[in-house]
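Have a look at target-v9.cif; it's mmCIF, C-alpha atoms:
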data_final
#
loop_
_atom_site.label_atom_id
_atom_site.label_comp_id
_atom_site.auth_asym_id
_atom_site.auth_seq_id
_atom_site.Cartn_x
_atom_site.Cartn_y
_atom_site.Cartn_z
CA MET H 1 -27.69 46.55 -31.91
CA PRO H 2 -27.17 44.05 -29.09
CA ARG H 3 -24.03 43.82 -27.02
CA VAL H 4 -21.44 41.62 -28.72
CA PHE H 5 -18.97 40.04 -26.32
CA MET H 6 -15.98 37.91 -27.26
CA TYR H 7 -13.36 36.04 -25.29
CA SER H 8 -10.16 36.18 -27.34
CA THR H 9 -6.36 36.23 -27.40
CA ALA H 10 -3.92 38.46 -29.26
CA VAL H 11 -2.56 35.77 -31.59
CA CYS H 12 -5.77 33.89 -32.46
CA PRO H 13 -6.51 34.01 -36.21
CA TYR H 14 -10.06 32.75 -35.62
CA CYS H 15 -10.67 35.67 -33.25
CA GLN H 16 -9.53 38.06 -35.96
CA MET H 17 -11.74 36.36 -38.57
CA ALA H 18 -14.72 36.49 -36.20
CA GLU H 19 -14.16 40.19 -35.61
CA ARG H 20 -13.94 40.86 -39.36
CA LEU H 21 -17.17 38.94 -40.00
CA LEU H 22 -19.02 40.77 -37.23
CA ARG H 23 -17.83 44.15 -38.48
CA ALA H 24 -18.89 43.22 -42.02
CA ARG H 25 -22.39 42.61 -40.62
CA GLY H 26 -22.52 46.08 -39.08
CA VAL H 27 -21.23 45.47 -35.57
CA THR H 28 -19.34 48.59 -34.55
CA GLU H 29 -18.42 47.65 -31.00
CA ILE H 30 -17.17 44.32 -29.68
CA ASP H 31 -16.47 43.94 -25.98
CA LYS H 32 -13.37 41.76 -25.90
CA VAL H 33 -11.81 39.99 -22.95
CA ARG H 34 -8.25 38.86 -23.58
CA VAL H 35 -7.88 35.56 -21.75
CA ASP H 36 -4.15 35.55 -22.52
CA LEU H 37 -3.78 38.67 -20.36
CA GLU H 38 -6.30 37.64 -17.69
CA PRO H 39 -5.97 33.92 -16.84
CA ALA H 40 -8.89 34.11 -14.40
CA LYS H 41 -11.09 35.13 -17.33
CA ARG H 42 -10.15 31.92 -19.16
CA ALA H 43 -11.42 29.93 -16.19
CA GLU H 44 -14.59 32.05 -16.24
CA MET H 45 -14.99 31.42 -19.97
CA MET H 46 -14.55 27.67 -19.54
CA GLU H 47 -17.13 27.58 -16.75
CA LYS H 48 -19.68 29.66 -18.69
CA THR H 49 -19.26 28.02 -22.10
CA GLY H 50 -17.83 24.57 -21.42
CA GLN H 51 -15.18 25.37 -24.05
CA ARG H 52 -11.42 25.86 -23.80
CA SER H 53 -10.77 27.51 -27.16
CA VAL H 54 -11.20 31.08 -28.32
CA PRO H 55 -13.04 32.89 -29.62
CA GLN H 56 -16.19 32.36 -27.61
CA ILE H 57 -18.80 34.81 -28.81
CA TYR H 58 -22.00 36.10 -27.24
CA ILE H 59 -24.58 38.20 -29.05
CA GLY H 60 -26.86 39.62 -26.41
CA GLU H 61 -27.49 36.71 -24.04
CA THR H 62 -26.99 34.08 -26.76
CA HIS H 63 -23.78 32.07 -26.73
CA VAL H 64 -23.00 31.65 -30.42
CA GLY H 65 -19.82 29.62 -29.89
CA GLY H 66 -16.58 30.00 -31.82
CA TYR H 67 -15.74 31.24 -35.28
CA ASP H 68 -16.98 28.08 -37.03
CA GLU H 69 -20.39 28.40 -35.40
CA LEU H 70 -20.51 32.13 -36.14
CA ALA H 71 -19.67 31.55 -39.82
CA ALA H 72 -22.24 28.73 -40.08
CA LEU H 73 -24.89 30.97 -38.51
CA ASP H 74 -24.02 33.66 -41.03
CA ARG H 75 -24.20 31.25 -43.99
CA ALA H 76 -27.61 30.07 -42.79
CA GLY H 77 -28.85 33.66 -42.63
CA GLY H 78 -29.23 33.61 -38.87
CA LEU H 79 -26.51 36.07 -37.89
CA ASP H 80 -28.26 39.16 -39.27
CA GLU H 81 -31.49 37.96 -37.69
CA LEU H 82 -29.81 37.47 -34.30
CA LEU H 83 -28.17 40.87 -34.50
CA ARG H 84 -31.56 42.49 -35.20
CA ALA H 85 -33.61 40.39 -32.76
CA ALA H 86 -31.29 40.74 -29.79
CA GLY H 87 -31.19 44.52 -30.17
#
Representation of the structure as structure tokens:
Amino acid sequence: MPRVFMYSTAVCPYCQMAERLLRARGVTEIDKVRVDLEPAKRAEMMEKTGQRSVPQIYIGETHVGGYDELAALDRAGGLDELLRAAG
């Protein structure tokens, strides 16, 4: 299984939904960076992704995007494929 990395905050419902979806697809470990606790990490996230909102999700080296993009990838059948391919 590839490394799954997510920028998140404590109160973000989309972060929680993304985590639930990933766990439902067999992801057992998610490396999370809380940008609400580490403001410098928010700046890092914005520079890397071009986005201000959380979650911002990486599977392996692939930037998936936020929850909407993750859910769309799952509906299209690409999430399982990415989780297998990146591993």
| field | Given the PyMOL selection byres ((chain H and resi 8-20) around 6), the residues it picks as a list in words | value | Tyr7, Leu21, Leu22, Arg23, Arg34, Val35, Asp36, Val54, Pro55 and Tyr67 of chain H
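With distances restricted to all atoms listed in the file, H:Gly60 is the closest residue to H:Arg84 from H:Gly60, H:Gly65, H:Pro39, H:Gly50.
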Select, counting only C-alpha atoms, all protein, DNA and RNA residues no farther than 8 Å from (-21.8, 43.5, -25.4) in file coordinates, and express the selection as an mmCIF file with C-alpha atoms, in the coordinates of the input.
data_model
loop_
_atom_site.group_PDB
_atom_site.id
_atom_site.type_symbol
_atom_site.label_atom_id
_atom_site.label_comp_id
_atom_site.auth_asym_id
_atom_site.auth_seq_id
_atom_site.Cartn_x
_atom_site.Cartn_y
_atom_site.Cartn_z
ATOM 1 C CA PRO H 2 -27.170 44.050 -29.090
ATOM 2 C CA ARG H 3 -24.030 43.820 -27.020
ATOM 3 C CA VAL H 4 -21.440 41.620 -28.720
ATOM 4 C CA PHE H 5 -18.970 40.040 -26.320
ATOM 5 C CA GLU H 29 -18.420 47.650 -31.000
ATOM 6 C CA ILE H 30 -17.170 44.320 -29.680
ATOM 7 C CA ASP H 31 -16.470 43.940 -25.980
ATOM 8 C CA TYR H 58 -22.000 36.100 -27.240
ATOM 9 C CA ILE H 59 -24.580 38.200 -29.050
ATOM 10 C CA GLY H 60 -26.860 39.620 -26.410
#
Atom CA of H:Ala71 sits from atom CA of H:Ile57 at a separation of 11.5 Å
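Of note, atom CA of H:Ala76 and atom CA of H:Thr49 are spaced 22.4 Å apart.
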May I have the centre and edge lengths, in Å to one decimal, of an axis-aligned box around the listed atoms of stretch 53-63 of chain H with 6 Å added to every side, as lines of an AutoDock Vina configuration file?
center_x = -19.1
center_y = 33.6
center_z = -26.8
size_x = 28.7
size_y = 24.1
size_z = 17.6
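Here atom CA of H:Val33 stands at a distance of 20.0 Å from atom CA of H:Leu83.
Restricting the calculation to only C-alpha atoms, the smallest distance between H:Ser53 and any of H:Leu82, H:Asp68, H:Gly26, H:Arg75 is found for H:Asp68.
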For H:Lys32, the closest of H:Gln51, H:Met6, H:Met1, H:Glu44 counting all atoms listed in the file is H:Met6
Can you patch up stretch 47-79 of chain H, filling it in to N, CA and C atoms, and show the result as a PDB file, keeping the file's coordinate frame?
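selection34.pdb written:
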ATOM      1  N   GLU H  47     -15.972  27.902 -17.590  1.00  0.00           N
ATOM      2  CA  GLU H  47     -17.130  27.580 -16.750  1.00  0.00           C
ATOM      3  C   GLU H  47     -18.435  27.979 -17.435  1.00  0.00           C
ATOM      4  N   LYS H  48     -18.456  29.163 -18.054  1.00  0.00           N
ATOM      5  CA  LYS H  48     -19.680  29.660 -18.690  1.00  0.00           C
ATOM      6  C   LYS H  48     -20.029  28.903 -19.968  1.00  0.00           C
ATOM      7  N   THR H  49     -19.002  28.568 -20.770  1.00  0.00           N
ATOM      8  CA  THR H  49     -19.260  28.020 -22.100  1.00  0.00           C
ATOM      9  C   THR H  49     -19.015  26.523 -22.216  1.00  0.00           C
ATOM     10  N   GLY H  50     -18.225  25.971 -21.298  1.00  0.00           N
ATOM     11  CA  GLY H  50     -17.830  24.570 -21.420  1.00  0.00           C
ATOM     12  C   GLY H  50     -16.765  24.358 -22.473  1.00  0.00           C
ATOM     13  N   GLN H  51     -16.186  25.429 -22.981  1.00  0.00           N
ATOM     14  CA  GLN H  51     -15.180  25.370 -24.050  1.00  0.00           C
ATOM     15  C   GLN H  51     -13.847  25.916 -23.546  1.00  0.00           C
ATOM     16  N   ARG H  52     -12.763  25.400 -24.153  1.00  0.00           N
ATOM     17  CA  ARG H  52     -11.420  25.860 -23.800  1.00  0.00           C
ATOM     18  C   ARG H  52     -10.847  26.814 -24.833  1.00  0.00           C
ATOM     19  N   SER H  53     -11.374  26.759 -26.058  1.00  0.00           N
ATOM     20  CA  SER H  53     -10.770  27.510 -27.160  1.00  0.00           C
ATOM     21  C   SER H  53     -11.438  28.871 -27.349  1.00  0.00           C
ATOM     22  N   VAL H  54     -10.678  29.768 -27.958  1.00  0.00           N
ATOM     23  CA  VAL H  54     -11.200  31.080 -28.320  1.00  0.00           C
ATOM     24  C   VAL H  54     -11.282  31.162 -29.831  1.00  0.00           C
ATOM     25  N   PRO H  55     -12.151  31.994 -30.341  1.00  0.00           N
ATOM     26  CA  PRO H  55     -13.040  32.890 -29.620  1.00  0.00           C
ATOM     27  C   PRO H  55     -14.258  32.160 -29.067  1.00  0.00           C
ATOM     28  N   GLN H  56     -14.853  32.744 -28.077  1.00  0.00           N
ATOM     29  CA  GLN H  56     -16.190  32.360 -27.610  1.00  0.00           C
ATOM     30  C   GLN H  56     -17.000  33.641 -27.672  1.00  0.00           C
ATOM     31  N   ILE H  57     -18.067  33.606 -28.438  1.00  0.00           N
ATOM     32  CA  ILE H  57     -18.800  34.810 -28.810  1.00  0.00           C
ATOM     33  C   ILE H  57     -20.215  34.777 -28.263  1.00  0.00           C
ATOM     34  N   TYR H  58     -20.623  35.902 -27.698  1.00  0.00           N
ATOM     35  CA  TYR H  58     -22.000  36.100 -27.240  1.00  0.00           C
ATOM     36  C   TYR H  58     -22.588  37.264 -28.033  1.00  0.00           C
ATOM     37  N   ILE H  59     -23.815  37.095 -28.469  1.00  0.00           N
ATOM     38  CA  ILE H  59     -24.580  38.200 -29.050  1.00  0.00           C
ATOM     39  C   ILE H  59     -25.796  38.353 -28.152  1.00  0.00           C
ATOM     40  N   GLY H  60     -25.857  39.476 -27.459  1.00  0.00           N
ATOM     41  CA  GLY H  60     -26.860  39.620 -26.410  1.00  0.00           C
ATOM     42  C   GLY H  60     -26.603  38.535 -25.366  1.00  0.00           C
ATOM     43  N   GLU H  61     -27.628  37.796 -25.017  1.00  0.00           N
ATOM     44  CA  GLU H  61     -27.490  36.710 -24.040  1.00  0.00           C
ATOM     45  C   GLU H  61     -27.231  35.361 -24.703  1.00  0.00           C
ATOM     46  N   THR H  62     -27.151  35.334 -26.023  1.00  0.00           N
ATOM     47  CA  THR H  62     -26.990  34.080 -26.760  1.00  0.00           C
ATOM     48  C   THR H  62     -25.529  33.737 -26.962  1.00  0.00           C
ATOM     49  N   HIS H  63     -25.130  32.559 -26.476  1.00  0.00           N
ATOM     50  CA  HIS H  63     -23.780  32.070 -26.730  1.00  0.00           C
ATOM     51  C   HIS H  63     -23.758  31.452 -28.126  1.00  0.00           C
ATOM     52  N   VAL H  64     -23.074  32.112 -29.042  1.00  0.00           N
ATOM     53  CA  VAL H  64     -23.000  31.650 -30.420  1.00  0.00           C
ATOM     54  C   VAL H  64     -21.994  30.507 -30.536  1.00  0.00           C
ATOM     55  N   GLY H  65     -20.898  30.599 -29.811  1.00  0.00           N
ATOM     56  CA  GLY H  65     -19.820  29.620 -29.890  1.00  0.00           C
ATOM     57  C   GLY H  65     -18.581  30.275 -30.448  1.00  0.00           C
ATOM     58  N   GLY H  66     -17.811  29.504 -31.232  1.00  0.00           N
ATOM     59  CA  GLY H  66     -16.580  30.000 -31.820  1.00  0.00           C
ATOM     60  C   GLY H  66     -16.785  30.511 -33.227  1.00  0.00           C
ATOM     61  N   TYR H  67     -15.667  30.699 -33.927  1.00  0.00           N
ATOM     62  CA  TYR H  67     -15.740  31.240 -35.280  1.00  0.00           C
ATOM     63  C   TYR H  67     -16.521  30.309 -36.210  1.00  0.00           C
ATOM     64  N   ASP H  68     -16.281  29.008 -36.125  1.00  0.00           N
ATOM     65  CA  ASP H  68     -16.980  28.080 -37.030  1.00  0.00           C
ATOM     66  C   ASP H  68     -18.489  28.182 -36.876  1.00  0.00           C
ATOM     67  N   GLU H  69     -18.945  28.276 -35.647  1.00  0.00           N
ATOM     68  CA  GLU H  69     -20.390  28.400 -35.400  1.00  0.00           C
ATOM     69  C   GLU H  69     -20.919  29.746 -35.877  1.00  0.00           C
ATOM     70  N   LEU H  70     -20.121  30.797 -35.675  1.00  0.00           N
ATOM     71  CA  LEU H  70     -20.510  32.130 -36.140  1.00  0.00           C
ATOM     72  C   LEU H  70     -20.632  32.151 -37.668  1.00  0.00           C
ATOM     73  N   ALA H  71     -19.650  31.579 -38.350  1.00  0.00           N
ATOM     74  CA  ALA H  71     -19.670  31.550 -39.820  1.00  0.00           C
ATOM     75  C   ALA H  71     -20.840  30.711 -40.331  1.00  0.00           C
ATOM     76  N   ALA H  72     -21.115  29.578 -39.670  1.00  0.00           N
ATOM     77  CA  ALA H  72     -22.240  28.730 -40.080  1.00  0.00           C
ATOM     78  C   ALA H  72     -23.561  29.463 -39.881  1.00  0.00           C
ATOM     79  N   LEU H  73     -23.684  30.188 -38.766  1.00  0.00           N
ATOM     80  CA  LEU H  73     -24.890  30.970 -38.510  1.00  0.00           C
ATOM     81  C   LEU H  73     -25.066  32.027 -39.590  1.00  0.00           C
ATOM     82  N   ASP H  74     -23.964  32.653 -39.981  1.00  0.00           N
ATOM     83  CA  ASP H  74     -24.020  33.660 -41.030  1.00  0.00           C
ATOM     84  C   ASP H  74     -24.442  33.043 -42.362  1.00  0.00           C
ATOM     85  N   ARG H  75     -23.852  31.907 -42.729  1.00  0.00           N
ATOM     86  CA  ARG H  75     -24.200  31.250 -43.990  1.00  0.00           C
ATOM     87  C   ARG H  75     -25.665  30.842 -44.030  1.00  0.00           C
ATOM     88  N   ALA H  76     -26.207  30.484 -42.868  1.00  0.00           N
ATOM     89  CA  ALA H  76     -27.610  30.070 -42.790  1.00  0.00           C
ATOM     90  C   ALA H  76     -28.569  31.259 -42.731  1.00  0.00           C
ATOM     91  N   GLY H  77     -28.013  32.469 -42.682  1.00  0.00           N
ATOM     92  CA  GLY H  77     -28.850  33.660 -42.630  1.00  0.00           C
ATOM     93  C   GLY H  77     -29.290  34.049 -41.224  1.00  0.00           C
ATOM     94  N   GLY H  78     -28.782  33.360 -40.231  1.00  0.00           N
ATOM     95  CA  GLY H  78     -29.230  33.610 -38.870  1.00  0.00           C
ATOM     96  C   GLY H  78     -28.481  34.707 -38.136  1.00  0.00           C
ATOM     97  N   LEU H  79     -27.287  35.060 -38.614  1.00  0.00           N
ATOM     98  CA  LEU H  79     -26.510  36.070 -37.890  1.00  0.00           C
ATOM     99  C   LEU H  79     -27.184  37.436 -37.966  1.00  0.00           C
TER     100      LEU H  79
END
